[in-house]
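Coordinates as given in structure_36.txt (compact mmCIF, C-alpha atoms):
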```
# COMPACT_ATOMS: atom_id res chain seq x y z
CA MET A 1 76.13 151.95 33.10
CA THR A 2 73.88 150.49 30.47
CA GLU A 3 73.46 146.95 29.33
CA LEU A 4 72.43 145.70 25.95
CA ARG A 5 69.28 143.57 26.21
CA LEU A 6 67.82 141.87 23.20
CA ILE A 7 64.07 141.59 23.33
CA ALA A 8 62.16 140.10 20.44
CA GLY A 9 64.98 140.91 18.06
CA THR A 10 65.45 144.52 19.10
CA ALA A 11 68.57 145.77 20.76
CA VAL A 12 67.56 147.99 23.69
CA ALA A 13 69.88 149.90 25.99
CA GLU A 14 68.43 149.86 29.51
CA PRO A 15 69.72 151.64 32.58
CA LEU A 16 71.11 149.11 35.04
CA GLU A 17 68.97 149.69 38.11
CA ALA A 18 68.23 146.21 39.27
CA GLU A 19 69.74 142.81 38.69
CA PRO A 20 68.91 141.76 35.12
CA MET A 21 67.06 138.50 34.94
CA PRO A 22 68.26 136.13 32.27
CA ALA A 23 67.04 137.71 29.03
CA LEU A 24 63.84 136.51 27.46
CA ARG A 25 63.97 133.52 25.19
CA LEU A 26 63.66 134.36 21.51
CA PRO A 27 60.46 133.28 19.79
CA PRO A 28 60.77 129.82 18.20
CA GLY A 29 60.57 129.31 14.45
CA ARG A 30 61.12 131.97 11.81
CA HIS A 31 61.73 135.37 13.36
CA GLY A 32 64.06 137.02 10.88
CA ILE A 33 66.79 137.68 13.45
CA PRO A 34 70.29 137.09 12.03
CA ALA A 35 71.88 133.85 13.24
CA ASP A 36 74.95 135.56 14.75
CA LEU A 37 72.67 137.82 16.80
CA VAL A 38 70.72 134.80 18.01
CA ARG A 39 73.95 133.11 19.05
CA ALA A 40 75.16 136.22 20.87
CA HIS A 41 71.81 136.45 22.64
CA GLN A 42 71.95 132.81 23.68
CA ARG A 43 75.47 133.23 24.99
CA GLN A 44 74.50 136.31 26.99
CA ARG A 45 71.56 134.43 28.52
CA LEU A 46 73.83 131.53 29.43
CA LEU A 47 76.35 133.82 31.12
CA GLU A 48 73.65 135.51 33.18
CA ALA A 49 72.08 132.16 33.99
CA ALA A 50 75.44 130.76 35.13
CA ALA A 51 75.80 133.52 37.74
CA ALA A 52 72.16 133.14 38.79
CA ALA A 53 72.47 129.35 39.11
CA LEU A 54 75.64 129.72 41.17
CA ALA A 55 73.90 132.13 43.54
CA GLU A 56 71.02 129.67 43.84
CA GLN A 57 72.92 126.39 44.12
CA GLY A 58 76.44 127.28 45.22
CA TYR A 59 79.54 125.62 43.80
CA GLY A 60 78.73 122.36 45.55
CA ARG A 61 75.48 121.69 43.71
CA LEU A 62 75.82 123.74 40.54
CA THR A 63 74.81 121.87 37.38
CA ALA A 64 74.78 122.63 33.66
CA ALA A 65 71.14 121.48 33.64
CA ARG A 66 70.13 124.31 35.96
CA VAL A 67 72.07 126.83 33.87
CA THR A 68 70.32 125.76 30.66
CA GLU A 69 66.96 125.78 32.45
CA LEU A 70 67.45 129.35 33.70
CA ALA A 71 68.74 130.47 30.29
CA GLY A 72 65.83 128.87 28.49
CA VAL A 73 68.05 127.00 26.04
CA SER A 74 68.43 123.32 25.27
CA SER A 75 71.31 121.20 26.49
CA ARG A 76 72.45 120.94 22.86
CA THR A 77 72.61 124.72 22.57
CA PHE A 78 74.57 124.91 25.82
CA TYR A 79 77.25 122.55 24.48
CA GLN A 80 77.37 124.43 21.17
CA HIS A 81 78.56 127.43 23.18
CA PHE A 82 80.63 125.85 25.95
CA GLU A 83 82.63 122.70 26.43
CA ASP A 84 81.28 122.16 29.92
CA LEU A 85 79.78 123.86 32.96
CA TRP A 86 83.10 125.30 34.09
CA ALA A 87 83.86 126.83 30.69
CA CYS A 88 80.51 128.63 30.91
CA LEU A 89 81.15 129.82 34.46
CA LEU A 90 84.66 130.93 33.52
CA ALA A 91 83.28 132.99 30.63
CA ALA A 92 80.74 134.55 33.00
CA TYR A 93 83.46 135.27 35.56
CA GLU A 94 85.82 136.86 33.04
CA THR A 95 83.04 138.93 31.46
CA GLU A 96 81.82 140.28 34.80
CA ALA A 97 85.34 140.84 36.14
CA ALA A 98 86.19 142.92 33.06
CA LEU A 99 82.96 144.91 33.47
CA LEU A 100 83.68 145.53 37.17
CA CYS A 101 87.22 146.74 36.45
CA ALA A 102 85.98 149.02 33.66
CA GLU A 103 83.38 150.47 36.03
CA ILE A 104 86.00 151.12 38.70
CA GLU A 105 88.34 152.81 36.22
CA SER A 106 85.48 154.96 35.05
CA GLY A 107 84.45 155.77 38.63
CA CYS A 108 88.01 156.76 39.58
CA GLY A 109 88.39 158.83 36.43
CA THR A 110 85.27 160.93 36.96
CA ALA A 111 85.75 161.55 40.70
CA GLY A 112 88.32 164.34 40.43
CA ASP A 113 92.07 164.59 40.90
CA GLU A 114 92.29 164.17 44.66
CA ARG A 115 93.68 160.79 45.73
CA ASP A 116 90.93 160.17 48.30
CA SER A 117 88.06 161.22 46.08
CA ARG A 118 89.36 159.11 43.18
CA ALA A 119 89.55 156.08 45.45
CA GLN A 120 86.12 156.73 46.95
CA GLY A 121 84.65 157.15 43.47
CA GLY A 122 86.06 153.80 42.36
CA ILE A 123 84.89 152.00 45.51
CA ALA A 124 81.41 153.53 45.29
CA VAL A 125 80.83 152.44 41.69
CA ALA A 126 82.22 148.97 42.43
CA LEU A 127 79.82 148.50 45.34
CA ASP A 128 76.92 149.89 43.32
CA PHE A 129 77.74 147.55 40.43
CA LEU A 130 77.70 144.56 42.80
CA ALA A 131 74.62 145.75 44.71
CA CYS A 132 72.69 145.96 41.44
CA ARG A 133 73.67 142.40 40.60
CA PRO A 134 73.73 140.20 43.72
CA SER A 135 74.43 137.01 41.80
CA VAL A 136 77.45 138.66 40.16
CA ALA A 137 78.59 139.83 43.62
CA ARG A 138 78.46 136.19 44.71
CA LEU A 139 80.27 135.03 41.56
CA LEU A 140 83.13 137.51 41.88
CA SER A 141 83.60 137.58 45.65
CA ALA A 142 83.38 133.88 46.59
CA GLU A 143 86.45 131.65 46.40
CA PRO A 144 85.96 129.17 43.50
CA PRO A 145 86.96 125.50 43.76
CA PRO A 146 90.76 125.33 43.40
CA GLN A 147 90.33 122.09 41.42
CA ILE A 148 88.86 124.17 38.58
CA ALA A 149 92.23 125.63 37.68
CA ALA A 150 91.06 128.10 35.04
CA LEU A 151 88.42 129.56 37.35
CA ALA A 152 90.87 129.78 40.25
CA GLY A 153 93.29 131.48 37.85
CA ALA A 154 90.62 133.98 36.82
CA ARG A 155 90.05 134.78 40.49
CA ARG A 156 93.79 135.32 41.02
CA ASP A 157 93.87 137.58 37.95
CA LEU A 158 90.98 139.65 39.32
CA VAL A 159 92.66 140.03 42.73
CA GLU A 160 95.89 141.00 40.97
CA ARG A 161 94.16 143.54 38.74
CA LEU A 162 92.14 145.07 41.58
CA GLY A 163 95.32 145.22 43.66
CA THR A 164 97.17 147.04 40.89
CA MET A 165 94.28 149.48 40.51
CA LEU A 166 94.13 150.00 44.26
CA ARG A 167 97.85 150.71 44.48
CA ALA A 168 97.69 153.11 41.54
CA ALA A 169 94.68 154.92 42.99
CA LEU A 170 95.88 155.16 46.58
CA THR A 171 99.64 155.58 46.37
CA ASP A 172 100.67 159.06 47.38
CA PRO A 173 103.41 160.15 44.91
CA GLU A 174 105.04 162.23 47.64
CA GLY A 175 104.63 159.66 50.39
CA ALA A 176 106.53 156.48 51.28
CA THR A 177 106.25 153.48 48.96
CA PRO A 178 103.56 151.12 50.28
CA LEU A 179 104.60 147.67 51.42
CA PRO A 180 104.78 145.35 48.38
CA GLY A 181 102.00 142.79 48.40
CA LEU A 182 99.86 144.69 50.90
CA GLU A 183 97.29 145.47 48.22
CA ARG A 184 96.62 141.72 47.77
CA ARG A 185 95.76 141.44 51.47
CA LEU A 186 93.51 144.49 51.21
CA VAL A 187 91.71 143.17 48.12
CA GLY A 188 91.27 139.76 49.78
CA ALA A 189 89.82 141.43 52.87
CA ALA A 190 87.56 143.67 50.78
CA LEU A 191 86.24 140.69 48.80
CA ALA A 192 85.59 138.79 52.05
CA LEU A 193 83.63 141.76 53.36
CA VAL A 194 81.68 142.04 50.09
CA SER A 195 80.97 138.30 50.15
CA SER A 196 79.60 138.50 53.68
CA ARG A 197 77.41 141.53 52.86
CA ALA A 198 76.24 139.98 49.57
CA ALA A 199 75.17 136.85 51.44
CA SER A 200 72.84 138.96 53.59
CA GLY A 201 70.56 139.32 50.54
CA ASP A 202 70.16 143.08 51.09
CA PRO A 203 71.86 145.01 48.25
CA GLN A 204 71.66 148.25 50.21
CA ARG A 205 74.04 146.78 52.80
CA LEU A 206 76.67 146.57 50.05
CA ARG A 207 76.23 150.22 49.06
CA ASP A 208 76.33 151.24 52.73
CA LEU A 209 79.80 149.76 52.97
CA GLU A 210 81.38 152.54 50.88
CA PRO A 211 82.52 154.97 53.60
CA GLU A 212 83.87 152.20 55.83
CA LEU A 213 85.65 150.37 53.02
CA SER A 214 87.12 153.60 51.68
CA GLU A 215 88.46 154.49 55.13
CA LEU A 216 89.92 151.00 55.65
CA LEU A 217 91.69 151.04 52.31
CA LEU A 218 92.85 154.65 52.55
CA VAL A 219 94.33 154.22 56.00
CA SER A 220 96.41 151.23 54.96
CA LEU A 221 98.16 152.35 51.76
CA MET B 1 104.15 129.79 72.65
CA ALA B 2 102.86 128.96 76.15
CA SER B 3 102.57 125.28 77.04
CA GLU B 4 98.78 125.32 77.46
CA ALA B 5 98.47 126.94 74.05
CA SER B 6 100.62 124.18 72.56
CA ALA B 7 98.39 121.63 74.24
CA ALA B 8 95.35 123.31 72.69
CA LEU B 9 96.97 123.07 69.27
CA ASN B 10 97.79 119.43 69.85
CA GLN B 11 94.19 118.85 70.84
CA ALA B 12 93.10 120.48 67.60
CA VAL B 13 95.22 118.02 65.64
CA SER B 14 94.70 115.05 67.91
CA LEU B 15 92.44 113.15 65.50
CA ARG B 16 95.22 112.54 63.05
CA GLU B 17 95.00 108.79 63.39
CA LYS B 18 92.15 107.11 61.56
CA GLY B 19 89.19 106.74 63.87
CA ASP B 20 90.00 105.86 67.46
CA PRO B 21 90.66 102.57 69.20
CA GLU B 22 87.00 102.15 70.15
CA GLY B 23 85.86 102.61 66.61
CA ASP B 24 84.19 105.95 66.98
CA VAL B 25 82.63 105.99 63.52
CA ARG B 26 81.13 109.43 63.82
CA GLU B 27 84.34 111.17 64.86
CA GLY B 28 86.34 109.19 62.31
CA ALA B 29 83.95 110.05 59.49
CA MET B 30 84.01 113.72 60.46
CA GLU B 31 87.79 113.74 60.20
CA GLY B 32 87.59 111.61 57.05
CA VAL B 33 85.20 113.95 55.24
CA LEU B 34 87.47 116.92 55.89
CA ILE B 35 90.60 115.08 54.75
CA ALA B 36 88.83 113.73 51.64
CA CYS B 37 87.37 117.12 50.74
CA GLY B 38 90.73 118.79 51.36
CA GLU B 39 92.47 116.31 49.07
CA LEU B 40 89.84 115.74 46.37
CA GLY B 41 87.58 118.76 46.61
CA PHE B 42 84.03 118.79 47.97
CA ARG B 43 82.36 118.03 44.65
CA GLU B 44 84.58 115.05 43.95
CA THR B 45 84.29 113.55 47.42
CA SER B 46 82.01 110.53 47.76
CA VAL B 47 80.88 108.64 50.85
CA ARG B 48 83.18 105.87 49.66
CA ALA B 49 86.15 108.27 49.68
CA ILE B 50 85.23 109.35 53.21
CA LEU B 51 85.10 105.74 54.37
CA GLU B 52 88.49 105.07 52.81
CA HIS B 53 89.90 107.59 55.27
CA SER B 54 87.78 106.79 58.30
CA GLY B 55 87.12 103.06 57.98
CA GLY B 56 83.66 101.66 58.73
CA HIS B 57 80.76 100.83 56.44
CA ARG B 58 78.17 102.81 54.54
CA ALA B 59 75.41 101.63 56.88
CA GLN B 60 77.34 102.94 59.88
CA PHE B 61 77.92 106.23 58.08
CA TYR B 62 74.22 106.69 57.38
CA GLN B 63 73.37 105.94 61.01
CA HIS B 64 75.14 109.17 61.90
CA PHE B 65 74.74 111.38 58.84
CA GLU B 66 72.02 112.04 56.27
CA SER B 67 74.49 112.70 53.47
CA LYS B 68 77.98 113.87 52.56
CA GLU B 69 76.76 117.45 52.97
CA ASP B 70 75.42 116.73 56.46
CA CYS B 71 78.67 115.01 57.44
CA PHE B 72 80.73 117.95 56.16
CA ALA B 73 78.55 120.46 58.00
CA GLN B 74 78.86 118.58 61.31
CA ALA B 75 82.59 118.05 60.82
CA TYR B 76 83.11 121.68 59.91
CA ALA B 77 81.22 122.84 62.99
CA ALA B 78 83.26 120.60 65.31
CA TRP B 79 86.68 121.36 63.83
CA ILE B 80 86.24 125.08 63.30
CA GLU B 81 85.03 125.40 66.88
CA ARG B 82 88.16 123.59 68.09
CA LEU B 83 90.39 125.78 65.96
CA CYS B 84 88.56 128.97 66.92
CA VAL B 85 88.95 128.21 70.65
CA SER B 86 92.61 127.39 70.09
CA LEU B 87 93.22 130.72 68.31
CA LEU B 88 91.39 132.70 70.98
CA GLU B 89 93.44 130.96 73.68
CA ALA B 90 96.65 131.79 71.83
CA ALA B 91 95.64 135.44 71.64
CA ALA B 92 94.66 135.51 75.31
CA THR B 93 98.14 134.44 76.42
CA ALA B 94 99.68 137.66 75.09
CA PRO B 95 99.84 140.84 77.17
CA ARG B 96 98.87 143.22 74.35
CA TRP B 97 96.65 143.22 71.27
CA GLU B 98 99.39 143.12 68.66
CA ALA B 99 101.21 140.21 70.31
CA GLY B 100 97.90 138.39 70.74
CA VAL B 101 97.01 138.70 67.07
CA ARG B 102 100.50 137.56 66.12
CA GLU B 103 100.29 134.54 68.43
CA ALA B 104 96.91 133.61 66.97
CA ILE B 105 98.20 133.88 63.39
CA VAL B 106 101.26 131.78 64.26
CA ARG B 107 98.93 129.18 65.82
CA LEU B 108 96.80 129.23 62.67
CA PHE B 109 99.84 128.81 60.42
CA ARG B 110 101.10 125.87 62.47
CA PHE B 111 97.71 124.23 62.12
CA VAL B 112 97.78 124.83 58.35
CA ASN B 113 101.22 123.19 58.18
CA ALA B 114 100.30 120.30 60.48
CA ARG B 115 96.95 119.46 58.85
CA PRO B 116 96.94 120.95 55.33
CA ALA B 117 94.09 118.78 54.01
CA ILE B 118 91.82 119.62 56.94
CA ALA B 119 92.82 123.28 56.74
CA ARG B 120 91.97 123.28 53.04
CA ALA B 121 88.55 121.86 53.86
CA LEU B 122 88.01 124.48 56.58
CA PHE B 123 89.22 127.50 54.59
CA VAL B 124 88.56 126.67 50.95
CA GLU B 125 86.07 123.83 50.55
CA VAL B 126 83.61 125.38 53.00
CA GLN B 127 82.91 127.95 50.30
CA ILE B 128 81.93 125.11 47.98
CA ALA B 129 79.95 123.05 50.50
CA GLY B 130 77.16 125.63 50.87
CA GLU B 131 74.69 125.92 53.74
CA PRO B 132 74.68 125.17 56.65
CA ALA B 133 78.48 125.04 56.84
CA LEU B 134 78.64 128.55 55.38
CA ALA B 135 76.30 129.86 58.06
CA ARG B 136 78.60 128.41 60.73
CA HIS B 137 81.59 129.91 58.89
CA ASP B 138 80.02 133.37 59.02
CA ALA B 139 79.27 132.98 62.74
CA VAL B 140 82.92 132.04 63.43
CA ILE B 141 84.16 135.03 61.42
CA GLU B 142 81.90 137.29 63.50
CA ARG B 143 83.21 135.74 66.72
CA LEU B 144 86.85 136.18 65.74
CA ALA B 145 86.08 139.68 64.49
CA ALA B 146 84.60 140.57 67.88
CA ALA B 147 87.76 139.26 69.56
CA ILE B 148 90.12 141.16 67.27
CA ASP B 149 88.01 144.25 67.79
CA SER B 150 89.39 144.36 71.36
CA ALA B 151 91.99 146.65 69.74
CA ARG B 152 89.46 149.42 70.34
CA SER B 153 90.33 149.39 74.04
CA GLU B 154 93.78 150.74 73.04
CA ILE B 155 92.37 153.46 70.73
CA ASP B 156 91.04 156.90 71.56
CA PRO B 157 87.30 156.80 70.70
CA ALA B 158 87.78 159.88 68.52
CA ASP B 159 90.11 157.82 66.30
CA ALA B 160 87.99 154.66 66.32
CA PRO B 161 88.20 152.70 63.06
CA PRO B 162 85.06 151.72 61.08
CA GLU B 163 82.63 149.21 62.55
CA ALA B 164 83.45 146.67 59.82
CA THR B 165 87.17 146.59 60.70
CA GLY B 166 87.01 143.30 62.61
CA VAL B 167 85.35 141.38 59.78
CA PHE B 168 87.69 143.10 57.29
CA VAL B 169 90.83 142.02 59.17
CA VAL B 170 89.66 138.46 59.89
CA GLY B 171 88.52 138.13 56.27
CA GLY B 172 91.94 139.27 55.08
CA ILE B 173 93.72 136.72 57.26
CA GLU B 174 91.35 133.97 56.13
CA SER B 175 91.76 134.86 52.45
CA CYS B 176 95.55 134.69 52.91
CA ALA B 177 95.25 131.15 54.31
CA ALA B 178 92.82 130.17 51.54
CA GLU B 179 95.19 131.55 48.89
CA ALA B 180 98.16 129.49 50.15
CA LEU B 181 96.05 126.36 50.55
CA SER B 182 94.40 126.74 47.14
CA ALA B 183 97.84 127.05 45.58
CA GLY B 184 98.76 123.74 47.24
CA ASP B 185 101.69 125.33 49.03
CA PRO B 186 100.84 125.66 52.74
CA ASP B 187 104.46 126.28 53.76
CA ARG B 188 104.41 129.48 51.74
CA ILE B 189 101.89 130.93 54.17
CA TRP B 190 104.66 131.91 56.61
CA ASP B 191 106.00 134.49 54.16
CA ALA B 192 102.80 136.46 54.71
CA LEU B 193 103.17 136.84 58.51
CA PRO B 194 104.85 140.30 58.56
CA GLU B 195 102.55 141.52 55.79
CA LEU B 196 99.47 140.31 57.66
CA MET B 197 100.57 141.99 60.87
CA HIS B 198 101.13 145.21 58.93
CA PHE B 199 97.64 144.85 57.48
CA ALA B 200 95.95 144.04 60.83
CA ALA B 201 97.73 146.72 62.88
CA GLY B 202 97.36 149.29 60.10
CA SER B 203 93.62 148.74 59.88
CA TYR B 204 93.20 149.67 63.55
CA PHE B 205 96.12 151.94 64.41
CA GLY B 206 97.41 153.44 61.14
CA LYS B 207 100.66 153.25 59.21
CA GLU B 208 103.14 153.97 62.00
CA GLU B 209 101.94 151.10 64.18
CA ALA B 210 101.67 148.93 61.07
CA GLU B 211 105.37 149.39 60.31
CA GLY B 212 106.32 148.48 63.88
CA ALA B 213 104.11 145.38 63.76
CA PHE B 214 105.75 144.42 60.45
CA GLU B 215 109.25 144.66 61.95
CA ARG B 216 108.36 142.68 65.07
CA ALA B 217 106.66 139.97 63.00
CA SER B 218 109.71 139.75 60.71
CA ILE B 219 111.94 139.09 63.74
CA LEU B 220 109.53 136.44 65.05
CA LEU B 221 109.40 134.84 61.60
CA GLU B 222 113.19 134.49 61.54
CA ARG B 223 113.07 132.79 64.95
CA GLU B 224 110.22 130.54 63.80
CA ARG B 225 112.16 129.47 60.72
CA ALA B 226 115.25 128.72 62.80
CA ARG B 227 113.22 126.49 65.13
CA PRO B 228 113.73 122.75 64.52
CA THR B 229 110.70 121.11 62.89
CA GLY B 230 108.23 119.82 65.45
CA ALA B 231 109.94 121.58 68.38
CA GLU B 232 107.70 123.15 71.01
CA GLU B 233 108.61 126.23 72.98
```
Conversion result in structure tokens:
Amino acid sequence: MTELRLIAGTAVAEPLEAEPMPALRLPPGRHGIPADLVRAHQRQRLLEAAAAALAEQGYGRLTAARVTELAGVSSRTFYQHFEDLWACLLAAYETEAALLCAEIESGCGTAGDERDSRAQGGIAVALDFLACRPSVARLLSAEPPPQIAALAGARRDLVERLGTMLRAALTDPEGATPLPGLERRLVGAALALVSSRAASGDPQRLRDLEPELSELLLVSL
Amino acid sequence: MASEASAALNQAVSLREKGDPEGDVREGAMEGVLIACGELGFRETSVRAILEHSGGHRAQFYQHFESKEDCFAQAYAAWIERLCVSLLEAAATAPRWEAGVREAIVRLFRFVNARPAIARALFVEVQIAGEPALARHDAVIERLAAAIDSARSEIDPADAPPEATGVFVVGGIESCAAEALSAGDPDRIWDALPELMHFAAGSYFGKEEAEGAFERASILLERERARPTGAEE
């Protein structure tokens, strides 16, 4: 996977090998970069900073001030992009959830036609994606505050989508129909396992989970 | 459910009344912080909201706790320990692994129904409260995972499931409880009993055992639903 980073006005595609730090702040004053590109760059920095601030502060202490500080933008700029802290975090969540699902689909698609290898391919790329980006792993795997309805809804949507993908990848067309709803339990369990490994602070522990997680999911559906 | 197990559950919910007759501020505030966080959410809970549940004054509160976070962490540690012991006792009363897991899940669901606000604090708000409550949470998950891993004594070592199975199964059960509590519908949690037993048994023993566990849990669920509210076995 590659990620578009904007450095001093130049779009650069970099291989994603380590967690990207919030992108560099653009130079102040006249720099000749089109305004829409500047806005897109600011938004990207805010989304990355939201995940980083959450990993640092947790939901209990998370503030918009810390997000703007990490993004290197002013409070005014923050509120030009987002209504409040939760709107920013929701945008980060939805962006990263979509990226994760796209990665899994790609991983399943390139791993061959066998049911098991397709599933293992999807699980491996998912774990690698999260291992490369520990703050995103925290964002996507931890249960958000239920009082923030949109964020809780985004979490439910992700569980639903991962469950649908899991069922599609693991259902044996010639076998018995899996128990309805079981995939939600499996996704919940997998996210809990990812959350616990992500909290260890060692990304390799997430990657190492692949054979065990694949076996646990394959044996159940 | 065996009578001693029922007593353990009652002990786990025995702080329902505000404070105690001798004005135990610390215990009352610990119950109050969990109820307030369960009802309002951790971020929205103030010391004032805690005191509205527990009684007492701010000065008394700060004699026992440094902050809301400290109070939550101490309350979480005390209540999750109580619940954990209660679940382990429920499992220990059963002759076999599957029945033990089922008894423990039933005990958990009864707790969720009896004390939904406290359950919401223990299973949902702990994720918001941060360290050190989260560290205690992870330790409890490991402890329950080690207990549920006793399934291995019934499995041929050649067919042993992955090392992470215990944490996987306990995490799945916990996420089910969190899902029902987050949705504000704790009664709905019972619907998941057969599915959870399928999931737990399947993770250790495979699909055939999972289907049997599903059937047996469905029968128990029918009996549980037919039981008059508040009745003890």
Exercise. Select residues of chain B: the criterion is any atom within 10 Å of an atom of chain A, counting only C-alpha atoms; output as JSON, numbers by chain.
Key: {"B": [39, 40, 41, 42, 43, 44, 69, 120, 123, 124, 125, 126, 127, 128, 129, 130, 131, 134, 135, 138, 141, 161, 162, 163, 164, 165, 166, 167, 168, 169, 170, 171, 172, 173, 174, 175, 176, 178, 179, 181, 182, 183, 184, 192, 195, 196, 198, 199, 200, 201, 202, 203, 204, 205, 206, 207, 210, 211, 214]}
Can you tell me which residues surround Asp208 of chain A at a distance of at most 10 Å, considering all atoms listed in the file, apart from same-chain residues fewer than 5 positions away, and format the answer as a PDB file with C-alpha atoms, keeping the file's coordinate frame?
```pdb
ATOM      1  CA  ALA A 124      81.410 153.530  45.290  1.00  0.00           C
ATOM      2  CA  LEU A 127      79.820 148.500  45.340  1.00  0.00           C
ATOM      3  CA  ASP A 128      76.920 149.890  43.320  1.00  0.00           C
ATOM      4  CA  ALA A 131      74.620 145.750  44.710  1.00  0.00           C
ATOM      5  CA  ARG A 197      77.410 141.530  52.860  1.00  0.00           C
ATOM      6  CA  PRO A 203      71.860 145.010  48.250  1.00  0.00           C
ATOM      7  CA  LEU A 213      85.650 150.370  53.020  1.00  0.00           C
TER       8      LEU A 213
END
```
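Considering the residues A:Leu162, A:Ala40, A:Leu70, A:Ala50 and counting all atoms listed in the file, Ile123 of chain A has its shortest atom-to-atom contact with A:Leu162.
Comparing the minimum interatomic distances between Ala98 of chain A and each of A:Ala55, A:His41, A:Leu140, A:Thr171, counting all atoms listed in the file, we find that A:Leu140 sits nearest.
Here atom CA of Trp86 of chain A stands at a distance of 15.7 Å from atom CA of Val136 of chain A.
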What are the centre and the three edge lengths of an axis-aligned box that wraps all atoms of segment 56-67 of chain B in the file, given that 4 Å is added to every side, written as lines of an AutoDock Vina configuration file and rounded to one decimal in Å?
```
center_x = 77.8
center_y = 106.8
center_z = 57.7
size_x = 19.6
size_y = 19.9
size_z = 16.4
```
Exercise. Skip Phe65 of chain B itself and residues of its chain fewer than 3 positions away, then list as number ranges by chain all residues within 12 Å of it, counting only C-alpha atoms.
Key: B: 25-27, 29-30, 33, 47, 58-62, 68-75
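Distances here use all atoms listed in the file; by that measure, the residue among B:Gly55, B:Glu208, B:Ala145, B:Phe109 closest to Asp191 of chain B is B:Phe109.
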Practice problem: Show which residues sit within 6 Å of Glu103 of chain B, as a PyMOL selection string. Count only C-alpha atoms, and ignore same-chain residues fewer than 2 positions away. | Solution: chain B and resi 90-91+100-101+105-106
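What separates atom CA of Ala151 of chain B from atom CA of Ala104 of chain B is a distance of 14.2 Å.
Closest approach to Glu96 of chain A among A:Ala52, A:Val73, A:Leu139, A:Met165: A:Leu139, based on only C-alpha atoms.
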Write out as a PDB file with C-alpha atoms, in the frame of the given file which residues come within 10 Å of Ala91 of chain A when counting only C-alpha atoms, dropping same-chain ones fewer than 3 positions away.
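File written: part28.pdb
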```pdb
ATOM      1  CA  ARG A  43      75.470 133.230  24.990  1.00  0.00           C
ATOM      2  CA  LEU A  46      73.830 131.530  29.430  1.00  0.00           C
ATOM      3  CA  LEU A  47      76.350 133.820  31.120  1.00  0.00           C
ATOM      4  CA  ALA A  50      75.440 130.760  35.130  1.00  0.00           C
ATOM      5  CA  PHE A  82      80.630 125.850  25.950  1.00  0.00           C
ATOM      6  CA  TRP A  86      83.100 125.300  34.090  1.00  0.00           C
ATOM      7  CA  ALA A  87      83.860 126.830  30.690  1.00  0.00           C
ATOM      8  CA  CYS A  88      80.510 128.630  30.910  1.00  0.00           C
ATOM      9  CA  GLU A  94      85.820 136.860  33.040  1.00  0.00           C
ATOM     10  CA  THR A  95      83.040 138.930  31.460  1.00  0.00           C
ATOM     11  CA  GLU A  96      81.820 140.280  34.800  1.00  0.00           C
ATOM     12  CA  ALA A  97      85.340 140.840  36.140  1.00  0.00           C
ATOM     13  CA  LEU A 151      88.420 129.560  37.350  1.00  0.00           C
ATOM     14  CA  ALA A 154      90.620 133.980  36.820  1.00  0.00           C
TER      15      ALA A 154
END
```
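Between atom CA of Gly38 of chain B and atom CA of Ala117 of chain B there is a distance of 4.3 Å.
Taking only C-alpha atoms into account, Gly212 of chain B lies nearest to B:Pro194 out of the set B:Pro132, B:Pro194, B:Pro186, B:Gly56.
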Exercise. Counting all atoms listed in the file, note down every residue that has an atom within 9 Å of the point (71.6, 121.1, 28.3) (file coordinates), as number ranges by chain.
Key: A: 64-69, 73-79
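Minimum atom-to-atom distance to Glu31 of chain B, evaluated using all atoms listed in the file, belongs to B:Ala119 out of B:His57, B:Asp187, B:Ala119, B:Arg107.
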Proximity check segment 122-192 of chain B to segment 81-85 of chain B, 10 Å, nearest pairs one decimal Å, all atoms listed in the file, as a tab-separated table:
```
residue	atom	partner	partner_atom	distance
B:Leu122	CA	B:Leu83	CA	9.8
B:Arg136	CA	B:Glu81	CA	9.4
B:His137	CA	B:Glu81	CA	9.8
B:Val140	CA	B:Cys84	CA	7.3
B:Ile141	CA	B:Cys84	CA	9.3
B:Arg143	CA	B:Cys84	CA	8.6
B:Leu144	CA	B:Cys84	CA	7.5
```
